[in-house]
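**Student:** Enclosed is the structure file model_24.txt (compact mmCIF, C-alpha atoms and all ligand atoms).
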```txt
# COMPACT_ATOMS: atom_id res chain seq x y z
CA MET P 1 84.55 113.70 102.31
CA ASN P 2 81.07 112.85 103.58
CA PHE P 3 77.96 113.82 101.70
CA ALA P 4 74.42 114.45 102.78
CA CYS P 5 72.77 112.39 100.06
CA GLU P 6 69.79 111.12 101.99
CA ASN P 7 66.40 112.72 102.48
CA PRO P 8 65.02 113.17 106.02
CA ALA P 9 63.52 109.64 105.86
CA GLY P 10 67.04 108.23 105.43
CA ASN P 11 66.51 107.14 101.79
CA ALA P 12 68.79 108.05 98.91
CA ASP P 13 67.52 111.34 97.51
CA ASP P 14 67.87 111.66 93.73
CA SER P 15 65.79 114.82 93.25
CA GLY P 16 67.33 117.64 91.22
CA ALA P 17 67.62 119.82 94.32
CA ALA P 18 69.42 117.06 96.23
CA GLN P 19 71.83 116.53 93.36
CA ASP P 20 72.57 120.23 93.18
CA ALA P 21 73.21 120.27 96.91
CA ILE P 22 75.68 117.38 96.64
CA ARG P 23 77.47 119.02 93.72
CA ALA P 24 77.77 122.25 95.71
CA GLN P 25 79.10 120.31 98.70
CA VAL P 26 81.64 118.44 96.56
CA ILE P 27 83.01 121.66 95.11
CA ASP P 28 82.99 123.38 98.48
CA GLN P 29 84.99 120.59 100.16
CA THR P 30 87.50 120.09 97.33
CA LYS P 31 91.02 121.25 98.14
CA CYS P 32 92.88 119.19 95.53
CA VAL P 33 91.70 118.53 91.98
CA VAL P 34 93.13 115.78 89.80
CA VAL P 35 91.95 116.11 86.21
CA LYS P 36 92.71 113.24 83.83
CA VAL P 37 92.27 113.71 80.12
CA GLY P 38 92.26 110.85 77.63
CA THR P 39 93.85 110.51 74.21
CA ARG P 40 90.48 110.74 72.45
CA VAL P 41 89.86 114.22 73.85
CA LEU P 42 93.32 115.46 72.90
CA THR P 43 93.28 114.20 69.32
CA THR P 44 91.85 116.18 66.41
CA ASN P 45 89.81 114.53 63.69
CA GLU P 46 92.98 114.59 61.58
CA GLY P 47 94.78 112.55 64.26
CA LYS P 48 96.97 115.42 65.50
CA LEU P 49 97.52 116.67 69.06
CA ASP P 50 94.68 119.15 69.62
CA LEU P 51 96.55 122.29 70.75
CA ALA P 52 93.34 124.34 71.00
CA ARG P 53 91.91 121.74 73.39
CA VAL P 54 95.06 121.82 75.52
CA ASP P 55 94.72 125.60 75.69
CA LEU P 56 91.06 125.50 76.73
CA LEU P 57 91.91 123.01 79.46
CA ALA P 58 94.93 125.00 80.62
CA ALA P 59 92.82 128.17 80.97
CA GLN P 60 90.32 126.32 83.15
CA LEU P 61 93.03 124.61 85.24
CA ALA P 62 94.51 128.06 85.85
CA ARG P 63 91.15 129.37 87.04
CA ILE P 64 90.78 126.46 89.47
CA ALA P 65 94.33 127.07 90.73
CA ASP P 66 93.49 130.78 91.11
CA SER P 67 90.80 129.71 93.59
CA GLY P 68 93.61 128.39 95.85
CA ARG P 69 93.12 124.70 95.10
CA HIS P 70 95.96 122.28 94.40
CA VAL P 71 95.56 121.34 90.73
CA ILE P 72 97.16 118.30 89.09
CA MET P 73 96.70 117.37 85.43
CA VAL P 74 97.11 113.73 84.40
CA SER P 75 97.37 113.76 80.65
CA SER P 76 97.45 110.89 78.19
CA GLY P 77 98.28 111.59 74.58
CA ALA P 78 102.02 110.93 74.33
CA VAL P 79 101.62 107.92 72.03
CA GLY P 80 98.97 109.74 69.98
CA ALA P 81 101.18 112.83 69.63
CA GLY P 82 104.17 110.65 68.70
CA VAL P 83 102.20 108.80 66.03
CA ALA P 84 101.14 112.15 64.52
CA LYS P 85 104.62 113.66 64.73
CA LEU P 86 106.25 110.68 63.02
CA GLY P 87 103.47 110.45 60.43
CA LEU P 88 102.78 106.80 61.27
CA PRO P 89 99.59 105.30 59.82
CA THR P 90 98.62 103.64 63.16
CA ARG P 91 99.80 103.11 66.73
CA PRO P 92 102.79 100.70 66.55
CA VAL P 93 102.38 97.19 67.92
CA GLY P 94 105.69 96.19 69.59
CA ILE P 95 106.46 97.48 73.10
CA ALA P 96 109.87 98.94 72.20
CA ARG P 97 108.39 100.94 69.30
CA LEU P 98 105.47 102.09 71.46
CA GLN P 99 107.90 103.27 74.11
CA ALA P 100 109.93 105.15 71.54
CA VAL P 101 106.81 106.78 70.08
CA ALA P 102 105.59 107.73 73.57
CA ALA P 103 108.93 109.35 74.40
CA ILE P 104 108.88 111.33 71.16
CA GLY P 105 105.24 112.37 71.65
CA GLN P 106 105.67 113.27 75.33
CA ALA P 107 108.01 116.10 74.32
CA ASP P 108 105.25 117.64 72.20
CA LEU P 109 102.64 117.05 74.86
CA ILE P 110 104.56 118.83 77.62
CA LYS P 111 105.52 121.65 75.23
CA ALA P 112 101.84 122.22 74.51
CA TYR P 113 100.92 122.33 78.21
CA GLU P 114 103.89 124.52 79.04
CA LYS P 115 102.99 127.05 76.36
CA SER P 116 99.32 127.13 77.28
CA LEU P 117 99.72 127.15 81.07
CA LEU P 118 102.30 129.96 80.83
CA ARG P 119 99.82 131.95 78.77
CA HIS P 120 97.44 131.65 81.74
CA GLY P 121 100.04 132.50 84.36
CA TYR P 122 101.31 129.07 85.49
CA GLN P 123 104.50 127.06 84.96
CA ALA P 124 104.05 123.44 83.87
CA ALA P 125 105.96 120.72 85.78
CA GLN P 126 106.45 117.42 83.98
CA VAL P 127 106.03 114.39 86.28
CA LEU P 128 106.41 110.94 84.74
CA LEU P 129 105.29 108.17 87.06
CA THR P 130 104.75 104.45 87.14
CA LYS P 131 102.50 102.79 89.64
CA SER P 132 105.56 100.98 91.04
CA ASP P 133 106.80 104.41 92.17
CA LEU P 134 103.83 104.41 94.56
CA ARG P 135 104.19 100.83 95.81
CA ARG P 136 106.91 101.42 98.39
CA ARG P 137 105.88 103.70 101.23
CA SER P 138 109.01 105.85 100.71
CA GLY P 139 108.28 106.29 96.98
CA TYR P 140 104.68 107.14 97.76
CA LEU P 141 105.75 109.87 100.17
CA HIS P 142 108.40 111.21 97.77
CA VAL P 143 105.87 111.60 94.98
CA ARG P 144 103.49 113.38 97.34
CA ASN P 145 106.26 115.71 98.53
CA ALA P 146 107.27 116.50 94.96
CA LEU P 147 103.67 117.27 93.95
CA ASN P 148 103.24 119.46 97.04
CA GLY P 149 106.49 121.25 96.20
CA ILE P 150 105.34 121.93 92.65
CA HIS P 151 102.11 123.41 94.02
CA GLU P 152 103.99 125.56 96.53
CA PHE P 153 106.12 126.97 93.69
CA GLY P 154 102.89 128.02 92.02
CA ALA P 155 103.25 125.55 89.14
CA ILE P 156 100.83 122.92 87.82
CA ALA P 157 102.02 119.30 87.58
CA VAL P 158 101.33 117.56 84.28
CA VAL P 159 101.56 113.85 85.01
CA ASN P 160 101.75 110.93 82.59
CA GLU P 161 102.82 107.35 82.88
CA ASN P 162 106.54 106.98 82.39
CA ASP P 163 105.89 104.98 79.25
CA SER P 164 109.50 104.28 78.35
CA VAL P 165 109.98 102.26 81.55
CA ALA P 166 106.39 101.26 82.46
CA VAL P 167 106.13 98.33 80.09
CA ALA P 168 103.22 96.82 81.99
CA GLU P 169 101.19 99.99 81.65
CA LEU P 170 101.56 100.07 77.86
CA LYS P 171 100.81 96.37 77.54
CA THR P 172 97.89 95.74 79.86
CA THR P 173 94.32 96.91 79.73
CA PHE P 174 93.96 98.12 83.30
CA GLY P 175 97.34 99.70 83.92
CA ASP P 176 96.41 103.05 82.49
CA ASN P 177 96.19 106.74 83.28
CA ASP P 178 92.67 106.53 84.71
CA ARG P 179 93.94 104.36 87.55
CA LEU P 180 97.19 106.30 87.83
CA ALA P 181 95.07 109.45 88.29
CA ALA P 182 93.05 107.74 91.05
CA HIS P 183 96.30 106.75 92.78
CA VAL P 184 97.62 110.31 92.46
CA ALA P 185 94.39 111.68 93.96
CA GLY P 186 94.84 109.06 96.72
CA LEU P 187 98.00 110.85 97.84
CA PHE P 188 95.88 113.75 99.10
CA ASN P 189 92.88 114.38 101.30
CA ASP P 190 89.77 116.21 100.12
CA ALA P 191 90.56 115.48 96.48
CA LEU P 192 88.14 115.43 93.55
CA LEU P 193 89.01 113.20 90.60
CA ILE P 194 87.72 114.31 87.18
CA LEU P 195 88.08 111.87 84.27
CA LEU P 196 87.50 113.66 80.97
CA THR P 197 86.63 111.60 77.95
CA ASP P 198 84.79 111.83 74.63
CA VAL P 199 81.32 110.95 76.00
CA HIS P 200 79.09 112.91 78.38
CA GLY P 201 79.51 110.44 81.25
CA LEU P 202 78.50 106.90 82.08
CA TYR P 203 75.53 105.60 80.08
CA ASP P 204 73.41 102.62 81.05
CA GLY P 205 74.50 100.93 77.78
CA HIS P 206 76.92 101.75 74.98
CA PRO P 207 76.51 105.47 74.16
CA ASP P 208 76.22 104.65 70.42
CA ASN P 209 73.00 102.84 71.25
CA ARG P 210 70.12 105.34 70.98
CA ASP P 211 68.26 103.78 73.93
CA SER P 212 71.15 104.36 76.33
CA LYS P 213 70.69 107.08 78.91
CA LYS P 214 73.28 109.07 80.77
CA ILE P 215 73.46 108.44 84.50
CA GLU P 216 73.62 111.57 86.68
CA VAL P 217 74.83 110.15 89.95
CA VAL P 218 76.14 106.80 91.22
CA ARG P 219 76.12 106.13 94.96
CA ASP P 220 77.24 102.53 94.94
CA LEU P 221 79.68 101.52 92.24
CA ASP P 222 78.86 97.82 92.35
CA GLY P 223 78.89 95.02 89.80
CA ASP P 224 75.63 96.22 88.20
CA VAL P 225 77.19 99.59 87.42
CA MET P 226 80.43 97.96 86.25
CA SER P 227 78.48 95.86 83.78
CA MET P 228 77.24 99.00 82.02
CA ALA P 229 80.69 99.45 80.44
CA GLU P 230 80.57 97.96 76.96
CA ASP P 231 84.00 98.63 75.63
CA LYS P 232 85.03 97.76 72.12
CA ASN P 233 88.69 97.29 71.26
CA SER P 234 90.14 100.63 70.36
CA ALA P 235 93.17 101.66 68.34
CA VAL P 236 93.21 105.07 70.05
CA SER P 237 93.05 104.58 73.79
CA LYS P 238 93.34 101.71 76.27
CA GLY P 239 91.39 102.16 79.48
CA GLY P 240 87.85 102.23 78.11
CA MET P 241 84.82 102.87 80.31
CA GLU P 242 85.59 99.81 82.42
CA GLY P 243 88.98 101.30 83.30
CA LYS P 244 87.30 104.57 84.24
CA LEU P 245 84.81 102.80 86.48
CA ARG P 246 87.58 100.86 88.22
CA ALA P 247 89.48 104.11 88.73
CA SER P 248 86.33 105.77 90.10
CA ARG P 249 85.85 102.89 92.51
CA LEU P 250 89.44 103.18 93.68
CA ALA P 251 89.05 106.94 94.21
CA ASN P 252 85.71 106.43 96.00
CA SER P 253 87.34 103.90 98.34
CA HIS P 254 89.72 106.72 99.34
CA GLY P 255 86.75 108.97 100.06
CA HIS P 256 87.21 110.95 96.85
CA PRO P 257 84.22 111.81 94.68
CA THR P 258 84.78 111.30 90.97
CA ILE P 259 83.21 112.86 87.90
CA ILE P 260 83.41 111.24 84.48
CA GLY P 261 82.69 114.13 82.16
CA PRO P 262 82.78 115.41 78.58
CA GLY P 263 86.32 116.52 77.77
CA ARG P 264 85.27 118.00 74.43
CA GLN P 265 82.89 120.48 76.06
CA ASP P 266 84.88 123.70 75.94
CA ASP P 267 83.96 124.93 79.44
CA VAL P 268 83.58 121.55 81.14
CA LEU P 269 85.78 122.32 84.17
CA ASP P 270 84.30 125.80 84.64
CA ARG P 271 80.84 124.27 84.65
CA ILE P 272 81.80 121.54 87.11
CA PHE P 273 83.23 124.17 89.46
CA ALA P 274 80.09 126.27 89.05
CA GLY P 275 78.27 123.25 90.54
CA GLU P 276 76.45 122.37 87.29
CA ARG P 277 75.27 118.82 86.74
CA VAL P 278 77.96 117.88 84.22
CA GLY P 279 78.92 114.23 83.56
CA THR P 280 78.30 111.41 86.03
CA LEU P 281 79.13 111.98 89.68
CA PHE P 282 80.31 108.99 91.74
CA ILE P 283 79.82 109.57 95.45
CA PRO P 284 82.15 107.77 97.89
CA PRO P 285 80.70 105.51 100.57
CA LYS P 286 80.59 106.72 104.16
CA ARG P 287 83.42 104.51 105.40
CA THR P 288 86.62 105.13 103.49
CA LEU P 289 90.36 104.83 103.99
CA ARG P 290 92.65 107.64 105.03
CA GLY P 291 96.37 108.13 105.50
CA ARG P 292 98.66 105.14 105.78
CA ARG P 293 95.75 102.66 105.71
CA ARG P 294 94.86 103.99 102.24
CA TRP P 295 98.33 103.08 101.03
CA ILE P 296 98.15 99.63 102.67
CA GLY P 297 94.74 98.92 101.18
CA SER P 298 95.27 100.00 97.62
CA ALA P 299 98.69 101.27 96.56
CA ALA P 300 101.25 99.06 98.28
CA VAL P 301 102.77 96.05 96.56
CA VAL P 302 101.65 92.78 98.14
CA ALA P 303 104.80 90.93 99.20
CA GLY P 304 103.24 87.64 100.32
CA SER P 305 100.27 85.92 101.94
CA LEU P 306 99.27 84.61 105.34
CA TYR P 307 96.69 81.80 105.39
CA LEU P 308 94.45 81.99 108.45
CA ASP P 309 92.30 79.52 110.37
CA ASP P 310 88.60 80.22 110.88
CA GLY P 311 89.04 81.75 114.34
CA ALA P 312 91.60 84.27 113.09
CA SER P 313 89.47 85.14 110.04
CA ARG P 314 86.50 85.85 112.31
CA ALA P 315 88.63 87.90 114.70
CA ILE P 316 89.86 90.04 111.80
CA CYS P 317 86.58 90.40 109.89
CA ASN P 318 84.02 90.59 112.70
CA GLN P 319 85.74 91.49 115.93
CA GLY P 320 88.18 94.23 114.93
CA ARG P 321 91.18 92.35 116.39
CA SER P 322 94.87 92.37 115.54
CA LEU P 323 96.37 89.24 113.94
CA LEU P 324 98.15 86.87 116.33
CA ALA P 325 100.57 84.12 115.27
CA VAL P 326 98.33 81.43 116.73
CA GLY P 327 95.72 81.89 113.94
CA ILE P 328 98.19 81.60 111.04
CA GLU P 329 98.29 78.24 109.26
CA ARG P 330 100.72 78.91 106.43
CA VAL P 331 103.00 81.58 104.97
CA GLU P 332 103.59 82.22 101.29
CA GLY P 333 106.33 84.44 99.85
CA THR P 334 109.47 86.02 101.21
CA PHE P 335 109.02 89.34 102.90
CA SER P 336 110.43 91.57 105.55
CA HIS P 337 109.17 93.38 108.62
CA GLY P 338 107.14 96.41 107.39
CA ASP P 339 105.98 94.78 104.13
CA VAL P 340 102.31 94.50 103.16
CA VAL P 341 100.77 91.03 102.87
CA SER P 342 97.40 89.55 101.97
CA LEU P 343 95.38 87.67 104.58
CA ILE P 344 93.64 84.64 103.08
CA ASP P 345 90.85 82.63 104.72
CA ARG P 346 90.17 78.89 104.37
CA ASN P 347 87.97 79.56 101.31
CA GLU P 348 91.04 81.02 99.60
CA GLN P 349 89.45 84.49 99.73
CA GLU P 350 91.53 87.57 100.45
CA ILE P 351 89.89 89.09 103.52
CA ALA P 352 92.35 91.87 104.36
CA ARG P 353 95.78 93.39 103.81
CA GLY P 354 98.16 94.43 106.50
CA LEU P 355 101.65 95.55 107.39
CA VAL P 356 103.61 92.78 109.13
CA ASN P 357 105.72 93.08 112.27
CA TYR P 358 107.77 89.94 111.54
CA ARG P 359 109.75 88.57 108.59
CA SER P 360 108.29 85.70 106.56
CA HIS P 361 110.74 83.08 107.87
CA GLU P 362 109.98 84.15 111.47
CA ILE P 363 106.24 83.85 110.86
CA SER P 364 106.75 80.34 109.42
CA LEU P 365 108.41 79.38 112.73
CA ILE P 366 105.75 80.90 115.01
CA ALA P 367 102.63 80.13 112.92
CA GLY P 368 100.03 78.33 115.04
CA ARG P 369 101.94 79.05 118.27
CA SER P 370 100.77 81.07 121.26
CA ASN P 371 102.35 84.39 122.20
CA ALA P 372 103.99 82.77 125.25
CA GLU P 373 105.98 80.47 122.95
CA ILE P 374 107.29 83.14 120.55
CA GLU P 375 110.28 84.24 122.60
CA SER P 376 111.58 80.72 123.11
CA ILE P 377 111.26 80.01 119.37
CA LEU P 378 112.72 83.25 117.99
CA GLY P 379 114.87 84.36 120.91
CA HIS P 380 112.93 87.64 121.06
CA ARG P 381 109.35 88.91 120.94
CA PRO P 382 109.38 92.53 119.76
CA TYR P 383 105.61 92.58 119.06
CA GLU P 384 102.54 90.97 120.63
CA ASN P 385 100.83 90.65 117.26
CA VAL P 386 101.93 89.77 113.74
CA ILE P 387 99.78 92.61 112.32
CA HIS P 388 98.41 95.39 114.49
CA ARG P 389 94.79 96.33 113.94
CA ASN P 390 95.75 99.89 112.96
CA ASN P 391 97.82 98.47 110.11
CA LEU P 392 95.05 96.20 108.80
CA VAL P 393 92.60 97.06 106.03
CA LEU P 394 89.62 94.82 105.39
CA ARG P 395 89.20 93.80 101.76
CA ASN P 396 85.61 95.09 101.61
CA LEU P 397 86.82 98.59 102.46
CA ALA P 398 89.58 98.74 99.90
CA GLU P 399 89.39 98.76 96.13
CA THR P 400 92.66 96.96 95.49
CA ASP P 401 94.58 97.22 92.30
CA VAL P 402 94.24 94.04 90.29
CA THR P 403 97.41 94.69 88.33
CA GLU P 404 99.63 94.92 91.37
CA HIS P 405 99.69 91.38 92.71
N1 LIG O 501 78.30 102.51 79.39
C1 LIG O 501 79.14 103.37 78.74
N2 LIG O 501 78.96 104.69 78.90
C2 LIG O 501 79.79 105.57 78.29
N3 LIG O 501 80.82 105.21 77.49
C3 LIG O 501 81.06 103.90 77.30
C4 LIG O 501 80.21 102.92 77.91
N4 LIG O 501 80.66 101.70 77.56
C5 LIG O 501 81.75 101.90 76.76
N5 LIG O 501 81.99 103.23 76.58
C6 LIG O 501 83.10 103.75 75.77
O1 LIG O 501 84.13 104.33 76.62
C7 LIG O 501 84.85 105.29 75.81
C8 LIG O 501 85.71 106.18 76.67
O2 LIG O 501 86.82 105.50 77.19
P1 LIG O 501 88.29 105.52 76.49
O3 LIG O 501 88.20 104.89 75.17
O4 LIG O 501 89.23 104.92 77.46
O5 LIG O 501 88.60 107.05 76.30
P2 LIG O 501 89.78 108.04 76.72
O6 LIG O 501 90.77 108.05 75.62
O7 LIG O 501 89.07 109.33 76.86
O8 LIG O 501 90.38 107.58 78.03
C9 LIG O 501 83.74 105.99 75.09
O9 LIG O 501 84.18 106.56 73.90
C10 LIG O 501 82.69 104.88 74.85
O10 LIG O 501 82.75 104.38 73.53
N1 LIG O 502 100.65 107.04 78.63
C1 LIG O 502 99.84 106.86 77.43
C2 LIG O 502 98.38 106.90 77.78
C3 LIG O 502 97.71 105.63 77.97
C4 LIG O 502 96.25 105.83 78.34
O1 LIG O 502 95.85 105.66 79.49
O2 LIG O 502 95.45 106.34 77.40
P1 LIG O 502 93.92 106.80 77.54
O3 LIG O 502 93.07 105.59 77.67
O4 LIG O 502 93.63 107.58 76.32
O5 LIG O 502 93.84 107.68 78.77
C5 LIG O 502 100.07 108.04 76.48
O6 LIG O 502 100.40 109.13 76.95
O7 LIG O 502 99.85 107.86 75.29
```
Transcribe the structure of this file into structure tokens.

**Tutor:**
Amino acid sequence: MNFACENPAGNADDSGAAQDAIRAQVIDQTKCVVVKVGTRVLTTNEGKLDLARVDLLAAQLARIADSGRHVIMVSSGAVGAGVAKLGLPTRPVGIARLQAVAAIGQADLIKAYEKSLLRHGYQAAQVLLTKSDLRRRSGYLHVRNALNGIHEFGAIAVVNENDSVAVAELKTTFGDNDRLAAHVAGLFNDALLILLTDVHGLYDGHPDNRDSKKIEVVRDLDGDVMSMAEDKNSAVSKGGMEGKLRASRLANSHGHPTIIGPGRQDDVLDRIFAGERVGTLFIPPKRTLRGRRRWIGSAAVVAGSLYLDDGASRAICNQGRSLLAVGIERVEGTFSHGDVVSLIDRNEQEIARGLVNYRSHEISLIAGRSNAEIESILGHRPYENVIHRNNLVLRNLAETDVTEH
């Protein structure tokens, strides 16, 4: 999506009228809505799964779906629900116990969504995913097909991490549902990502601090904005505001606007879709990734690295060229034709990612050699370039996933 967020002089326009216009445009252009709700929102003060909250959300999801949009819910809360169901005093520590608790709680979570969504006219479809399901191009397309199929059957997908197999997601700080939701939104065009949490949006300091102010709109999610997240270790949830900002940046890099909003406000989704200034809106930059290049830039697993000389780095970064064997100095990793690799310059910086036309051992043999020599070395030359320009994504365009290296 592209947004008219400048005034006639070409400067960023932050007036109330301009913000309203952007909100209206966002809603107007949205065909797919991915709503992610965190554990904090779904947990009552007594530590139980908040069934009334699930019902309020389900009613609003149904209304959005009634408007013809593809609606996907990404819901945390399995561990929280499991802890409550088993009467445990706190979230368990060991991975195996956490996985068991998540599996037990997930049953309650999906039951709650199923009951509530049915009450509002929609079937619930349980989809348990890990990010590795999205790493291979075939898995990525299968998940998209399944989610499209669920929508065509008139049901609403309720997605969560597949906690009993996704050990990394339960263990690490960044592998969480905020990012999973951004990846799910990345499967579709014209998607809006909504991250619901227990605060009204992004504040310029910790929200407990009385001087902190809520930010209405973010146009450039840079390091200054990232540094506003002041997360404290939590026993309830994992992502924190930093995780939400990383997820917003990932979604923005796909061209998807993101709203971090107050999940405990009873009509939060209705208000967002009425174009009200709810939460913090993150507007994507003008140049974003679409289609297969989106997958290359942010979802695919990186199978290896190619180290480039200065000429090749310049050709890739500044001249929009494909990568030729002659500019490759070194190959790292074992990969096959069709895998995604990192391109590294002489300063050891990742400058791009791309889909290779040759296997790693072949590239080792032809690295530094001209195209004319390739056939005599390999016995064949199926491609002129090692990576075609159309299969290359510059690092500054993509928000890559730090947990997937
Ligand atoms: N600058 C900030 N603005 C808003 N919230 C922040 C900020 N820095 C840290 N936070 C914390 O982020 C929390 C929300 O993230 P998280 O704990 O992951 O919740 P959830 O379970 O909803 O995913 C808030 O409760 C708040 O304490
Ligand atoms: N898959 C886990 C959720 C992990 C997670 O991302 O939690 P949160 O930070 O509350 O969104 C669960 O269902 O408990």

**Student:** Between atom CA of P:Asn357 and atom CA of P:Asn385, what distance in Å does the model show, to one decimal?

**Tutor:** 7.4 Å

**Student:** Would you work out the distance separating atom CA of P:Ile387 from atom CA of P:Leu323, expressed in Å to one decimal?

**Tutor:** 5.1 Å

**Student:** Would you give the centre and edge lengths, in Å to one decimal, of a box along x, y and z around the listed atoms of ligand LIG 502 (chain O), with 3 Å added to each side, as AutoDock Vina command-line options?

**Tutor:**
```
--center_x 96.9 --center_y 107.4 --center_z 77.4 --size_x 13.6 --size_y 9.5 --size_z 10.2
```

**Student:** Can you tell me, as a PDB file with C-alpha atoms, keeping the file's coordinate frame, what residues are no more than 9 Å from P:Met228 when counting only C-alpha atoms, ignoring any on the same chain fewer than 2 positions away?

**Tutor:**
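New file around_32.pdb:
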```
ATOM      1  CA  LEU P 202      78.500 106.900  82.080  1.00  0.00           C
ATOM      2  CA  TYR P 203      75.530 105.600  80.080  1.00  0.00           C
ATOM      3  CA  ASP P 204      73.410 102.620  81.050  1.00  0.00           C
ATOM      4  CA  GLY P 205      74.500 100.930  77.780  1.00  0.00           C
ATOM      5  CA  HIS P 206      76.920 101.750  74.980  1.00  0.00           C
ATOM      6  CA  GLY P 223      78.890  95.020  89.800  1.00  0.00           C
ATOM      7  CA  ASP P 224      75.630  96.220  88.200  1.00  0.00           C
ATOM      8  CA  VAL P 225      77.190  99.590  87.420  1.00  0.00           C
ATOM      9  CA  MET P 226      80.430  97.960  86.250  1.00  0.00           C
ATOM     10  CA  GLU P 230      80.570  97.960  76.960  1.00  0.00           C
ATOM     11  CA  MET P 241      84.820 102.870  80.310  1.00  0.00           C
ATOM     12  CA  GLU P 242      85.590  99.810  82.420  1.00  0.00           C
TER      13      GLU P 242
END
```

**Student:** What gap, in Å, lies between atom CA of P:Gly327 and atom CA of P:Glu348?

**Tutor:** 15.1 Å

**Student:** Which residues are near stretch 112-115 of chain P? Cut-off 12 Å, only C-alpha atoms, ignore same chain within fewer than 3 positions. Put them as a PyMOL selection string.

**Tutor:** chain P and resi 42+49-59+61-62+73-78+81+105-109+118-126+155-159

**Student:** Would you please work out which residue, of P:Thr44, P:Gln29, P:Ser370, P:Asn177, is nearest to ligand LIG 502 (chain O) when using all atoms listed in the file?

**Tutor:**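 Using all atoms listed in the file, the shortest distance to ligand LIG 502 (chain O) belongs to P:Asn177.
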
**Student:** Name all residues at most 10 Å from P:Val268 (count all atoms listed in the file; drop same-chain ones fewer than 2 positions away) and give them as a list in words.

**Tutor:**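 Near neighbours after the sequence-gap exclusion: Leu56, Leu57, Gln60, Leu196, Gly261, Pro262, Gly263, Arg264, Gln265, Asp266, Asp270, Arg271, Ile272, Phe273, Ala274, Glu276, Val278 and Gly279 of chain P.
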
**Student:** With only C-alpha atoms and all ligand atoms as the atoms that count, which of P:Gly154, P:Gly240, P:Gly320, P:Gly338 lies nearest to ligand LIG 501 (chain O)?

**Tutor:**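 Closest to ligand LIG 501 (chain O), using only C-alpha atoms and all ligand atoms: P:Gly240.
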
**Student:** Looking at P:Asn318, P:Asn148, P:Thr130, P:Thr43, which one is nearest to ligand LIG 501 (chain O), with distances taken over only C-alpha atoms and all ligand atoms?

**Tutor:**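 Among the listed residues, the smallest separation from ligand LIG 501 (chain O) belongs to P:Thr43.
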
**Student:** Given all atoms listed in the file as the basis, pick out the residue of P:Arg69, P:Arg246, P:Arg210, P:Arg293 nearest to P:Arg395.

**Tutor:** P:Arg293

**Student:** Looking at P:Arg359, P:Arg135, P:Arg40, P:His388, which one is nearest to ligand LIG 502 (chain O), with distances taken over all atoms listed in the file?

**Tutor:**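 Using all atoms listed in the file, the shortest distance to ligand LIG 502 (chain O) belongs to P:Arg40.
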
**Student:** Tell me which protein, DNA and RNA residues are within 9 Å of P:Leu306, counting only C-alpha atoms, leaving out same-chain ones fewer than 2 positions away, and put them as a PDB file with C-alpha atoms, in the coordinates of the input.

**Tutor:**
```
ATOM      1  CA  GLY P 304     103.240  87.640 100.320  1.00  0.00           C
ATOM      2  CA  LEU P 308      94.450  81.990 108.450  1.00  0.00           C
ATOM      3  CA  ILE P 328      98.190  81.600 111.040  1.00  0.00           C
ATOM      4  CA  GLU P 329      98.290  78.240 109.260  1.00  0.00           C
ATOM      5  CA  ARG P 330     100.720  78.910 106.430  1.00  0.00           C
ATOM      6  CA  VAL P 331     103.000  81.580 104.970  1.00  0.00           C
ATOM      7  CA  GLU P 332     103.590  82.220 101.290  1.00  0.00           C
ATOM      8  CA  GLY P 333     106.330  84.440  99.850  1.00  0.00           C
ATOM      9  CA  VAL P 341     100.770  91.030 102.870  1.00  0.00           C
ATOM     10  CA  SER P 342      97.400  89.550 101.970  1.00  0.00           C
ATOM     11  CA  LEU P 343      95.380  87.670 104.580  1.00  0.00           C
ATOM     12  CA  ILE P 344      93.640  84.640 103.080  1.00  0.00           C
ATOM     13  CA  ASP P 345      90.850  82.630 104.720  1.00  0.00           C
ATOM     14  CA  ILE P 363     106.240  83.850 110.860  1.00  0.00           C
TER      15      ILE P 363
END
```

**Student:** For a quick check of understanding, using all atoms listed in the file, which of P:Lys213, P:His183, P:Lys48, P:Arg23 has the smallest distance to ligand LIG 501 (chain O)?

**Tutor:**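 Between P:Lys213, P:His183, P:Lys48, P:Arg23, the residue approaching ligand LIG 501 (chain O) most closely is P:Lys213.
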